[in-house]
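> Quick one: this structure, given as structure tokens, is what I'll be asking you about.
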Amino acid sequence: MATNTLKPATRTTQGSITYGQAAAYGAVGGLIGGMIFGMMMSMLDMIKMVAMMADSESIVVGWGLHLGISVFIGVTFGLLARKVLTSWGAGIAAAVGYGVFWWVLGALILMPARLGMPTFAFNTMAWQSLMGHMVFGLILGAVTVAIARRSLASSGASN
């Protein structure tokens, strides 16, 4: 009598992503997410507020600071989420959650405190900022996971 020994399908990773790779992939994801989020912020005239954190009103300064912060957030995401960067669902969910974390820390606490505004002000701008941070997280996660999966696939690892 034959015994059916089918096992559930699993996805294993033969290779792994190094910390350096995770940081680099996250930097690219943060830059791309930051560019798209920055375009959204520009349409809502919010980039000047970012510049004000550097005592400027220059759009160029605002963009530079915003993209620098976006890359930093991307690098830290890559390092913190290195183990889930091969999973579309887990990687994107982690990045959207990280975007929300930075909305609370950056948009609700640090930025208003630096600009002498009330913290935790839940107004229209705050909700627009939340949406932007979630879009940023979605793009950060999708780009970072896509690069990580492609890197593993090209190195011979199976996903």
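Residue numbering restarts at 1 for every chain of the structure tokens, chains are lettered A, B, ... in their displayed order, and ligands are numbered from 1 as they appear.
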Within 6 Å of region 77-79 of chain A, counting only C-alpha atoms, which residues show up once you throw out same-chain ones fewer than 6 positions away? Write them as a PyMOL selection string, please.

chain A and resi 22-23+26

> Please extract the residues of chain A with a backbone DSSP assignment of helix (DSSP H, G or I) and present them as a VMD selection string.

chain A and resid 19 to 43 47 to 52 59 to 80 82 to 84 88 to 114 124 to 154

> Could you please determine the separation between CA of Phe101 (chain A) and CA of Val143 (chain A) in Å, to one decimal place?

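Atom-to-atom, CA of Phe101 (chain A) to CA of Val143 (chain A), that is 18.9 Å.
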
> For region 33-50 of chain A, find every residue with an atom within 8 Å (counting only C-alpha atoms), except residues of its own chain fewer than 3 positions away, and show them as a PDB file with C-alpha atoms, in the first residue's frame.


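Result file selection18.pdb:
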```
ATOM      1  CA  GLY A  29      13.443  52.037  -2.528  1.00  0.00           C
ATOM      2  CA  GLY A  30      13.596  55.071  -0.232  1.00  0.00           C
ATOM      3  CA  MET A  53      13.344  72.595   9.262  1.00  0.00           C
ATOM      4  CA  ALA A  54      16.691  73.802   7.854  1.00  0.00           C
ATOM      5  CA  SER A  56      15.053  77.932   4.656  1.00  0.00           C
ATOM      6  CA  GLU A  57      12.066  78.381   2.389  1.00  0.00           C
ATOM      7  CA  SER A  58      13.875  77.114  -0.712  1.00  0.00           C
ATOM      8  CA  ILE A  59      12.153  74.377  -2.648  1.00  0.00           C
ATOM      9  CA  GLY A  62      13.187  71.164   0.895  1.00  0.00           C
ATOM     10  CA  TRP A  63      13.659  68.563  -1.839  1.00  0.00           C
ATOM     11  CA  LEU A  65      16.288  67.378   2.852  1.00  0.00           C
ATOM     12  CA  HIS A  66      13.212  65.319   1.961  1.00  0.00           C
ATOM     13  CA  LEU A  67      15.185  62.978  -0.325  1.00  0.00           C
ATOM     14  CA  SER A  70      13.796  59.264   2.432  1.00  0.00           C
ATOM     15  CA  VAL A  71      17.087  57.504   1.701  1.00  0.00           C
ATOM     16  CA  MET A 111       8.662  68.437  12.425  1.00  0.00           C
ATOM     17  CA  GLY A 132       1.679  60.224   1.677  1.00  0.00           C
ATOM     18  CA  HIS A 133       3.697  58.231   4.211  1.00  0.00           C
ATOM     19  CA  VAL A 135       2.199  55.571  -0.308  1.00  0.00           C
ATOM     20  CA  PHE A 136       5.898  56.086   0.435  1.00  0.00           C
ATOM     21  CA  GLY A 137       5.920  52.844   2.451  1.00  0.00           C
ATOM     22  CA  LEU A 138       4.120  50.942  -0.285  1.00  0.00           C
ATOM     23  CA  ILE A 139       6.656  52.066  -2.885  1.00  0.00           C
ATOM     24  CA  LEU A 140       9.593  51.559  -0.519  1.00  0.00           C
TER      25      LEU A 140
END
```

> Given the choices A:Leu31, A:Val96, A:Pro118, A:Val75, which gets closest to Leu130 (chain A) if the distance is worked out from only C-alpha atoms?

A:Val96

> Between CA of Trp88 (chain A) and CA of Ser16 (chain A), what is the distance in Å, rounded to a tenth?

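So the two atoms, CA of Trp88 (chain A) and CA of Ser16 (chain A), lie 15.6 Å apart.
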